[in-house]
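Everything below belongs to query-v5.csv, which stores CSV, C-alpha atoms.
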chain,number,residue,atom,x,y,z
A,1,MET,CA,-2.3,1.9,-24.3
A,2,SER,CA,-5.9,3.1,-24.0
A,3,SER,CA,-9.1,1.5,-25.0
A,4,LEU,CA,-10.4,2.9,-28.2
A,5,LEU,CA,-13.4,0.7,-29.0
A,6,LYS,CA,-15.4,-1.0,-26.3
A,7,VAL,CA,-18.0,-3.6,-27.0
A,8,SER,CA,-20.1,-4.8,-24.1
A,9,SER,CA,-22.7,-7.6,-24.0
A,10,LEU,CA,-23.5,-6.9,-27.6
A,11,THR,CA,-26.3,-9.0,-29.1
A,12,LYS,CA,-28.0,-8.7,-32.4
A,13,LYS,CA,-31.0,-10.7,-33.5
A,14,TYR,CA,-32.7,-10.7,-36.8
A,15,GLY,CA,-36.1,-12.1,-35.9
A,16,ASN,CA,-35.4,-15.5,-34.5
A,17,VAL,CA,-31.8,-15.6,-35.8
A,18,THR,CA,-29.0,-14.6,-33.5
A,19,ALA,CA,-26.4,-12.9,-35.6
A,20,LEU,CA,-24.2,-11.8,-32.6
A,21,ASN,CA,-24.3,-13.5,-29.3
A,22,ASN,CA,-23.2,-11.5,-26.2
A,23,LEU,CA,-19.9,-10.1,-27.5
A,24,ASN,CA,-17.4,-8.5,-25.2
A,25,PHE,CA,-14.1,-7.1,-26.3
A,26,GLU,CA,-12.0,-3.9,-26.4
A,27,LEU,CA,-9.6,-2.6,-29.1
A,28,GLU,CA,-6.6,-0.6,-28.1
A,29,SER,CA,-5.2,2.4,-29.9
A,30,GLY,CA,-2.5,1.8,-32.4
A,31,HIS,CA,-3.4,-1.8,-33.2
A,32,ILE,CA,-4.3,-3.5,-36.4
A,33,THR,CA,-6.9,-6.2,-35.7
A,34,GLY,CA,-8.2,-8.8,-38.2
A,35,LEU,CA,-11.9,-9.7,-37.9
A,36,LEU,CA,-12.0,-13.2,-39.4
A,37,GLY,CA,-14.8,-15.7,-39.8
A,38,PRO,CA,-16.6,-17.7,-42.5
A,39,ASN,CA,-19.5,-16.3,-44.5
A,40,GLY,CA,-22.5,-15.5,-42.3
A,41,SER,CA,-20.5,-15.5,-39.0
A,42,GLY,CA,-21.6,-11.9,-38.2
A,43,LYS,CA,-18.6,-9.9,-39.3
A,44,THR,CA,-20.5,-7.3,-41.4
A,45,THR,CA,-23.3,-7.1,-38.7
A,46,LEU,CA,-20.7,-6.2,-36.1
A,47,ILE,CA,-19.0,-3.7,-38.4
A,48,LYS,CA,-22.4,-2.1,-39.2
A,49,ILE,CA,-23.2,-1.7,-35.5
A,50,ILE,CA,-19.9,-0.1,-34.8
A,51,CYS,CA,-20.5,2.3,-37.7
A,52,GLY,CA,-24.0,3.1,-36.6
A,53,LEU,CA,-25.8,1.6,-39.5
A,54,LEU,CA,-27.6,-1.1,-37.4
A,55,GLN,CA,-29.0,-0.9,-33.9
A,56,PRO,CA,-28.0,-3.6,-31.4
A,57,THR,CA,-30.7,-5.7,-29.9
A,58,LEU,CA,-28.9,-5.7,-26.5
A,59,GLY,CA,-25.7,-4.3,-25.2
A,60,SER,CA,-23.6,-1.3,-26.2
A,61,VAL,CA,-20.6,-0.1,-28.2
A,62,THR,CA,-18.6,3.0,-27.3
A,63,VAL,CA,-15.8,4.7,-29.2
A,64,LYS,CA,-13.4,6.8,-27.1
A,65,ASP,CA,-16.2,6.7,-24.5
A,66,HIS,CA,-18.8,8.1,-26.8
A,67,PRO,CA,-21.8,6.1,-27.7
A,68,ILE,CA,-22.3,5.4,-31.4
A,69,GLY,CA,-23.6,8.5,-33.0
A,70,GLU,CA,-22.4,11.8,-34.3
A,71,GLU,CA,-19.2,11.9,-32.2
A,72,SER,CA,-18.2,8.3,-33.0
A,73,LYS,CA,-18.8,8.9,-36.7
A,74,LYS,CA,-16.4,11.8,-36.7
A,75,VAL,CA,-13.5,9.5,-35.6
A,76,ILE,CA,-14.4,6.4,-37.6
A,77,SER,CA,-13.5,6.0,-41.2
A,78,TYR,CA,-15.6,3.2,-42.7
A,79,LEU,CA,-15.2,1.2,-45.8
A,80,PRO,CA,-18.4,-0.7,-46.5
A,81,ASP,CA,-18.6,-3.9,-48.4
A,82,THR,CA,-20.7,-2.3,-51.2
A,83,THR,CA,-20.2,0.8,-53.2
A,84,TYR,CA,-22.1,3.9,-52.3
A,85,LEU,CA,-20.5,6.6,-54.5
A,86,GLY,CA,-22.4,8.4,-57.2
A,87,ARG,CA,-21.4,6.7,-60.5
A,88,SER,CA,-21.8,9.8,-62.6
A,89,ALA,CA,-19.4,12.0,-60.5
A,90,SER,CA,-15.7,12.2,-61.3
A,91,VAL,CA,-13.1,11.1,-58.9
A,92,ARG,CA,-12.1,14.7,-58.3
A,93,GLU,CA,-15.7,15.7,-57.5
A,94,THR,CA,-16.0,12.8,-55.1
A,95,ILE,CA,-12.8,14.0,-53.4
A,96,ASN,CA,-14.2,17.5,-53.1
A,97,PHE,CA,-17.4,16.0,-51.6
A,98,PHE,CA,-15.4,14.2,-49.0
A,99,CYS,CA,-13.4,17.4,-48.2
A,100,ASP,CA,-16.7,19.1,-47.5
A,101,PHE,CA,-18.0,16.3,-45.5
A,102,TYR,CA,-15.1,15.3,-43.3
A,103,LYS,CA,-12.9,17.9,-41.5
A,104,ASP,CA,-10.1,15.3,-41.2
A,105,PHE,CA,-9.9,14.6,-44.9
A,106,ASP,CA,-6.5,15.0,-46.5
A,107,ALA,CA,-6.9,15.7,-50.2
A,108,ASP,CA,-3.2,15.7,-51.0
A,109,ARG,CA,-2.9,12.2,-49.6
A,110,ALA,CA,-5.8,11.0,-51.8
A,111,TYR,CA,-4.2,12.5,-55.0
A,112,ASP,CA,-0.9,11.0,-54.2
A,113,MET,CA,-2.4,7.5,-53.9
A,114,LEU,CA,-4.4,7.9,-57.0
A,115,SER,CA,-1.4,8.8,-59.0
A,116,SER,CA,0.6,5.8,-57.6
A,117,LEU,CA,-2.2,3.5,-58.7
A,118,GLY,CA,-2.5,5.2,-62.1
A,119,ILE,CA,-6.1,6.4,-61.7
A,120,ASN,CA,-7.0,9.7,-63.5
A,121,PRO,CA,-8.8,12.0,-61.1
A,122,ASN,CA,-10.9,13.3,-64.0
A,123,SER,CA,-12.4,9.9,-64.8
A,124,ARG,CA,-16.0,9.4,-64.0
A,125,LEU,CA,-16.6,6.5,-61.6
A,126,ARG,CA,-18.9,4.9,-64.0
A,127,THR,CA,-16.1,4.5,-66.5
A,128,LEU,CA,-13.7,2.8,-64.0
A,129,SER,CA,-13.4,-0.9,-63.7
A,130,LYS,CA,-14.8,-2.6,-60.6
A,131,GLY,CA,-11.3,-3.1,-59.1
A,132,ASN,CA,-10.4,0.5,-59.7
A,133,ARG,CA,-13.6,1.8,-58.2
A,134,GLU,CA,-12.8,-0.3,-55.1
A,135,LYS,CA,-9.3,1.3,-55.0
A,136,VAL,CA,-10.9,4.8,-55.2
A,137,GLN,CA,-13.2,3.9,-52.4
A,138,LEU,CA,-10.3,2.6,-50.2
A,139,ILE,CA,-8.2,5.7,-51.0
A,140,LEU,CA,-11.1,8.0,-49.8
A,141,VAL,CA,-11.4,6.0,-46.6
A,142,MET,CA,-7.6,5.9,-45.9
A,143,SER,CA,-7.2,9.7,-46.7
A,144,ARG,CA,-9.1,10.7,-43.5
A,145,ARG,CA,-7.1,11.2,-40.4
A,146,ALA,CA,-9.4,9.0,-38.3
A,147,ASP,CA,-8.9,7.3,-35.0
A,148,LEU,CA,-10.4,4.1,-36.1
A,149,TYR,CA,-10.5,2.7,-39.7
A,150,VAL,CA,-13.1,0.0,-40.2
A,151,LEU,CA,-12.5,-1.9,-43.4
A,152,ASP,CA,-15.0,-4.4,-44.6
A,153,GLU,CA,-13.3,-6.7,-47.2
A,154,PRO,CA,-11.0,-4.0,-48.5
A,155,ILE,CA,-8.8,-5.9,-50.9
A,156,ALA,CA,-11.1,-8.6,-52.2
A,157,GLY,CA,-11.5,-7.1,-55.7
A,158,VAL,CA,-8.1,-5.7,-56.5
A,159,ASP,CA,-5.2,-7.4,-58.2
A,160,PRO,CA,-2.2,-8.8,-56.1
A,161,ALA,CA,0.2,-5.9,-57.1
A,162,ALA,CA,-2.3,-3.3,-56.0
A,163,ARG,CA,-3.0,-5.3,-52.9
A,164,ASP,CA,0.6,-5.0,-51.9
A,165,TYR,CA,0.6,-1.3,-52.6
A,166,ILE,CA,-2.6,-0.9,-50.5
A,167,LEU,CA,-1.3,-2.9,-47.6
A,168,ASN,CA,1.9,-0.8,-47.7
A,169,THR,CA,-0.2,2.3,-47.8
A,170,ILE,CA,-2.1,1.1,-44.7
A,171,ILE,CA,1.2,0.4,-42.8
A,172,THR,CA,2.9,3.6,-43.7
A,173,ASN,CA,0.0,6.1,-43.6
A,174,TYR,CA,-1.9,5.3,-40.5
A,175,ASP,CA,-1.2,7.4,-37.5
A,176,GLU,CA,0.6,5.6,-34.6
A,177,ASN,CA,-2.4,6.1,-32.4
A,178,ALA,CA,-5.0,5.1,-34.9
A,179,SER,CA,-6.4,1.6,-35.0
A,180,ILE,CA,-7.6,-0.5,-37.9
A,181,LEU,CA,-10.3,-3.2,-37.8
A,182,ILE,CA,-10.2,-5.2,-41.0
A,183,SER,CA,-12.5,-8.0,-42.1
A,184,THR,CA,-11.3,-10.3,-44.8
A,185,HIS,CA,-11.1,-13.8,-46.2
A,186,LEU,CA,-7.7,-13.2,-47.7
A,187,ILE,CA,-5.9,-14.0,-44.5
A,188,SER,CA,-2.5,-15.0,-45.9
A,189,ASP,CA,-2.3,-11.7,-47.7
A,190,ILE,CA,-2.7,-9.6,-44.6
A,191,GLU,CA,-1.6,-11.7,-41.7
A,192,ASN,CA,1.9,-10.2,-41.5
A,193,ILE,CA,0.5,-6.8,-40.8
A,194,LEU,CA,-1.9,-7.8,-38.1
A,195,ASP,CA,-1.3,-7.4,-34.4
A,196,GLU,CA,-4.2,-9.5,-33.3
A,197,VAL,CA,-7.2,-11.4,-34.6
A,198,ILE,CA,-10.8,-12.0,-33.7
A,199,PHE,CA,-12.2,-15.3,-34.9
A,200,LEU,CA,-16.0,-15.0,-35.2
A,201,LYS,CA,-18.1,-18.2,-35.5
A,202,GLN,CA,-21.8,-18.0,-35.7
A,203,GLY,CA,-22.0,-14.8,-33.7
A,204,ASP,CA,-19.6,-15.9,-31.0
A,205,ILE,CA,-15.9,-14.9,-30.5
A,206,VAL,CA,-14.0,-18.2,-30.5
A,207,ARG,CA,-10.5,-16.6,-30.4
A,208,PHE,CA,-9.2,-13.2,-29.6
A,209,CYS,CA,-5.4,-13.2,-29.5
A,210,GLY,CA,-2.1,-11.8,-30.8
A,211,VAL,CA,-0.9,-13.3,-34.1
A,212,ASP,CA,2.6,-13.9,-32.9
A,213,GLU,CA,1.1,-15.8,-30.0
A,214,ILE,CA,-0.6,-18.1,-32.4
A,215,ARG,CA,2.7,-18.6,-34.3
A,216,SER,CA,4.8,-19.3,-31.2
A,217,ASN,CA,2.2,-21.3,-29.2
A,218,GLU,CA,0.8,-23.4,-32.1
A,219,GLY,CA,3.6,-23.2,-34.6
A,220,LYS,CA,1.2,-22.4,-37.4
A,221,SER,CA,0.1,-19.4,-39.5
A,222,VAL,CA,-3.1,-17.6,-38.8
A,223,ASP,CA,-4.3,-18.9,-42.2
A,224,SER,CA,-3.8,-22.5,-41.2
A,225,LEU,CA,-5.3,-22.0,-37.8
A,226,PHE,CA,-8.4,-20.5,-39.5
A,227,ARG,CA,-8.7,-23.5,-41.8
A,228,GLU,CA,-8.5,-25.7,-38.7
A,229,VAL,CA,-11.0,-23.9,-36.5
A,230,PHE,CA,-13.5,-23.5,-39.3
A,231,LYS,CA,-13.1,-26.8,-41.0
A,232,CYS,CA,-16.3,-27.7,-42.9
B,1,MET,CA,7.7,-9.0,-49.7
B,2,SER,CA,11.4,-8.5,-50.1
B,3,TRP,CA,12.1,-10.0,-46.6
B,4,ASN,CA,10.5,-13.4,-47.3
B,5,LEU,CA,8.9,-13.9,-43.9
B,6,ASP,CA,7.2,-17.2,-43.1
B,7,SER,CA,3.7,-17.0,-41.7
B,8,ASP,CA,4.1,-19.9,-39.3
B,9,ARG,CA,6.8,-18.5,-37.1
B,10,PRO,CA,6.6,-15.3,-35.0
B,11,ILE,CA,7.3,-12.4,-37.3
B,12,PHE,CA,9.3,-10.4,-34.7
B,13,MET,CA,11.8,-13.3,-34.3
B,14,GLN,CA,12.2,-13.5,-38.1
B,15,ILE,CA,12.8,-9.8,-38.2
B,16,ILE,CA,15.5,-10.1,-35.5
B,17,GLU,CA,17.2,-12.9,-37.5
B,18,HIS,CA,17.1,-10.9,-40.7
B,19,MET,CA,18.6,-7.8,-39.0
B,20,GLU,CA,21.2,-9.8,-37.1
B,21,TYR,CA,22.3,-11.1,-40.5
B,22,ASP,CA,22.5,-7.6,-41.8
B,23,ILE,CA,24.6,-6.5,-38.9
B,24,VAL,CA,27.0,-9.4,-39.1
B,25,SER,CA,27.4,-9.2,-42.9
B,26,GLY,CA,28.0,-5.4,-42.7
B,27,VAL,CA,24.8,-4.3,-44.5
B,28,LEU,CA,24.2,-2.4,-41.3
B,29,PRO,CA,27.9,-1.5,-40.3
B,30,PRO,CA,28.9,-1.0,-36.6
B,31,GLY,CA,27.8,2.3,-35.3
B,32,SER,CA,25.6,3.1,-38.3
B,33,LYS,CA,22.1,4.6,-38.0
B,34,VAL,CA,19.2,2.2,-38.2
B,35,PRO,CA,16.3,3.3,-40.5
B,36,SER,CA,13.1,4.4,-38.7
B,37,VAL,CA,10.6,1.9,-37.5
B,38,ARG,CA,8.2,3.0,-40.2
B,39,GLU,CA,10.7,2.7,-43.1
B,40,LEU,CA,11.7,-0.8,-41.9
B,41,ALA,CA,8.1,-1.8,-41.4
B,42,SER,CA,7.2,-0.7,-44.9
B,43,GLU,CA,10.3,-2.4,-46.4
B,44,ALA,CA,9.5,-5.7,-44.7
B,45,SER,CA,5.7,-5.4,-45.2
B,46,VAL,CA,5.0,-5.9,-41.5
B,47,ASN,CA,3.1,-4.0,-38.8
B,48,PRO,CA,5.1,-1.1,-37.3
B,49,ASN,CA,4.2,-2.4,-33.8
B,50,THR,CA,5.9,-5.7,-34.6
B,51,MET,CA,9.0,-4.0,-36.0
B,52,GLN,CA,9.1,-1.9,-32.8
B,53,LYS,CA,9.0,-5.0,-30.7
B,54,ALA,CA,11.9,-6.6,-32.7
B,55,LEU,CA,14.1,-3.5,-32.4
B,56,SER,CA,13.4,-3.2,-28.7
B,57,GLU,CA,14.5,-6.8,-28.3
B,58,MET,CA,17.7,-6.1,-30.2
B,59,GLU,CA,18.4,-3.2,-27.9
B,60,ARG,CA,17.9,-5.5,-24.9
B,61,ARG,CA,20.4,-7.9,-26.4
B,62,GLY,CA,22.9,-5.0,-26.8
B,63,LEU,CA,22.9,-5.0,-30.6
B,64,MET,CA,21.5,-1.6,-30.9
B,65,HIS,CA,21.0,1.5,-28.7
B,66,THR,CA,18.9,4.6,-28.9
B,67,GLU,CA,20.3,8.1,-28.7
B,68,ARG,CA,17.7,10.2,-27.1
B,69,THR,CA,17.3,12.7,-29.9
B,70,SER,CA,18.9,11.3,-33.0
B,71,GLY,CA,17.5,7.8,-33.3
B,72,ARG,CA,18.7,4.3,-33.2
B,73,TYR,CA,22.2,3.0,-33.9
B,74,VAL,CA,23.9,-0.4,-34.4
B,75,THR,CA,26.3,-1.2,-31.6
B,76,ASP,CA,30.0,-0.3,-32.3
B,77,ASP,CA,31.2,-3.0,-29.9
B,78,GLU,CA,33.0,-5.3,-32.3
B,79,LYS,CA,33.1,-8.0,-29.7
B,80,ILE,CA,29.3,-8.3,-29.5
B,81,ILE,CA,29.2,-8.5,-33.3
B,82,ALA,CA,31.9,-11.1,-33.5
B,83,SER,CA,30.2,-13.3,-31.0
B,84,LEU,CA,26.9,-12.9,-32.8
B,85,LYS,CA,28.6,-14.0,-36.0
B,86,THR,CA,30.0,-17.1,-34.3
B,87,ASN,CA,26.6,-17.9,-32.9
B,88,ILE,CA,24.9,-17.6,-36.3
B,89,ALA,CA,27.6,-19.7,-38.0
B,90,SER,CA,27.4,-22.4,-35.3
B,91,VAL,CA,23.7,-22.8,-35.8
B,92,GLY,CA,24.3,-23.1,-39.6
B,93,VAL,CA,27.1,-25.6,-39.2
B,94,GLU,CA,25.1,-27.7,-36.7
B,95,GLY,CA,22.2,-28.0,-39.2
B,96,PHE,CA,24.7,-28.9,-41.9
B,97,ILE,CA,26.3,-31.6,-39.9
B,98,GLN,CA,22.9,-33.1,-39.0
B,99,GLN,CA,22.0,-33.2,-42.6
B,100,MET,CA,25.3,-34.8,-43.6
B,101,LYS,CA,24.8,-37.4,-40.9
B,102,ARG,CA,21.4,-38.2,-42.3
B,103,LEU,CA,23.1,-38.9,-45.6
B,104,GLY,CA,25.4,-41.3,-43.9
B,105,LEU,CA,28.6,-39.4,-44.4
B,106,ASP,CA,31.3,-39.6,-41.7
B,107,ARG,CA,33.5,-36.8,-40.4
B,108,ASP,CA,36.4,-37.3,-42.9
B,109,GLU,CA,34.1,-37.6,-45.9
B,110,VAL,CA,32.3,-34.4,-44.9
B,111,LEU,CA,35.6,-32.5,-44.3
B,112,LYS,CA,36.9,-33.7,-47.7
B,113,LEU,CA,33.7,-32.5,-49.4
B,114,VAL,CA,34.0,-29.1,-47.7
B,115,GLU,CA,37.6,-28.9,-48.8
B,116,ASP,CA,36.7,-29.7,-52.4
B,117,ASN,CA,33.8,-27.3,-52.6
B,118,TYR,CA,34.8,-24.3,-50.5

Mind turning this structure into structure tokens?
Amino acid sequence: MSSLLKVSSLTKKYGNVTALNNLNFELESGHITGLLGPNGSGKTTLIKIICGLLQPTLGSVTVKDHPIGEESKKVISYLPDTTYLGRSASVRETINFFCDFYKDFDADRAYDMLSSLGINPNSRLRTLSKGNREKVQLILVMSRRADLYVLDEPIAGVDPAARDYILNTIITNYDENASILISTHLISDIENILDEVIFLKQGDIVRFCGVDEIRSNEGKSVDSLFREVFKC
Amino acid sequence: MSWNLDSDRPIFMQIIEHMEYDIVSGVLPPGSKVPSVRELASEASVNPNTMQKALSEMERRGLMHTERTSGRYVTDDEKIIASLKTNIASVGVEGFIQQMKRLGLDRDEVLKLVEDNY
């Protein structure tokens, strides 16, 4: 097992507010990691730094030993928490756009998933429901053959049946050596597919451990541990 | 979620229990080929790494073995399977007896109930 993502002494401040406080951790290849924490704990800030959208105040992040930049973006497939696709384009046009943009994009895989979820490639994104737009976005992200998938709240807006399909797609389609970092509040829906979890609390990592460890050492699910650690 | 796994017990242990049941009950007959890690992971809706861990543990216990090129197979050693069956049954019976004791039934009453209902 080799280290895919390395975060060293990472700190991010917004003015006087410390969003991330001296984080250190590594993710290995082939793991699915849950990034869990209450609202405002720094999940999206961390993800945006990994994806090169924010600059850290201190510390560094490397992906496959590359600093964040052109090389890291080639191997990271990122699902942001907001939509960024042109609303007047059709799904097919968007897929073509992704094909041009990313060498590792697999269009057949995208069309397969679209048809399983009953989305017509000729629809314009503007005409799709919010949930279906989210599905399209996730399909685009999962259709790349990336080394690291970074998913920020991927299943929040989709119905439970599609959620099952999407989780199944994640399990069956990702490469054995690829890793997934997934942030979500819907812990009970995804905890069975996770290898390990990171609990983030006000910019600090309060837990970083395997999920079966939590179950055997504490006799409870990740969901109940979360409720305990972050009790309001 | 066709495997009905609980979130508060280690998943790989529950996978092992589930597959032991399949072996004992003949869903996975002796000497038969075990589906791939990915297929099983998808069927159970679990992480492939977790499925891999469970299958390795079953190999360690002698319930399965890997042929170098053709995949993973259920053991064809009937003795191992028979003793596994006894183990699983004993655990079930033990739990049942505890429950009957809590209800205040003695041995003869329990045996009679079993006779009547079996």

request  = Write out as a list in words every residue belonging to chain A that has an atom at most 7 Å from any atom of chain B, counting only C-alpha atoms.
outcome  =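 Taking only C-alpha atoms into account, Asn168, Ile171, Thr172, Asn192, Ile193, Leu194, Asp212, Arg215, Ser216, Gly219, Lys220 and Ser221 of chain A sit within 7 Å of chain B.
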
inquiry  = Just want the 7 Å neighbourhood of Val74 in chain B, counted on only C-alpha atoms, with same-chain residues fewer than 3 positions away dropped. Output as a list in words.
reply    = Pro30, Gly31, Ser32, Lys33, Val34, Leu63, Met64 and His65 of chain B

request  = Could you tell me how far CA of Arg124 in chain A lies from CA of Ala89 in chain A, in Å and to one decimal?
outcome  =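 Answer for the CA of Arg124 in chain A to CA of Ala89 in chain A separation: 5.5 Å.
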
request  = Record the distance separating CA of Leu36 in chain A and CA of Thr11 in chain A, expressed in Å with one decimal.
outcome  = 18.1 Å

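For the residues A:Leu167, A:Phe25, A:Gln55, A:Ser188, ranking by smallest atom-to-atom distance to Lys13 in chain A using all atoms listed in the file places A:Gln55 first.
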
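Computed from the coordinates, the CA of Arg109 in chain A to CA of Ile47 in chain A distance equals 25.2 Å.
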
query = Which residue out of A:Ser41, A:Asn217, A:Ser8, A:Ser3 has the minimum interatomic distance to Leu27 in chain A when all atoms listed in the file are used?
reply =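 With all atoms listed in the file as the atom set, the closest residue is A:Ser3.
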
Can you tell me, as a CSV table (one decimal) with C-alpha atoms, in the coordinates of the input, what residues are no more than 10 Å from Val110 in chain B when counting all atoms listed in the file, ignoring any on the same chain fewer than 3 positions away?
chain,number,residue,atom,x,y,z
B,96,PHE,CA,24.7,-28.9,-41.9
B,97,ILE,CA,26.3,-31.6,-39.9
B,100,MET,CA,25.3,-34.8,-43.6
B,101,LYS,CA,24.8,-37.4,-40.9
B,104,GLY,CA,25.4,-41.3,-43.9
B,105,LEU,CA,28.6,-39.4,-44.4
B,106,ASP,CA,31.3,-39.6,-41.7
B,107,ARG,CA,33.5,-36.8,-40.4
B,113,LEU,CA,33.7,-32.5,-49.4
B,114,VAL,CA,34.0,-29.1,-47.7
B,115,GLU,CA,37.6,-28.9,-48.8
B,116,ASP,CA,36.7,-29.7,-52.4

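When only C-alpha atoms are used to measure the gap to Arg87 in chain A, the shortest distance among A:Ser143, A:Ser116, A:Thr33, A:Ser129 belongs to A:Ser129.
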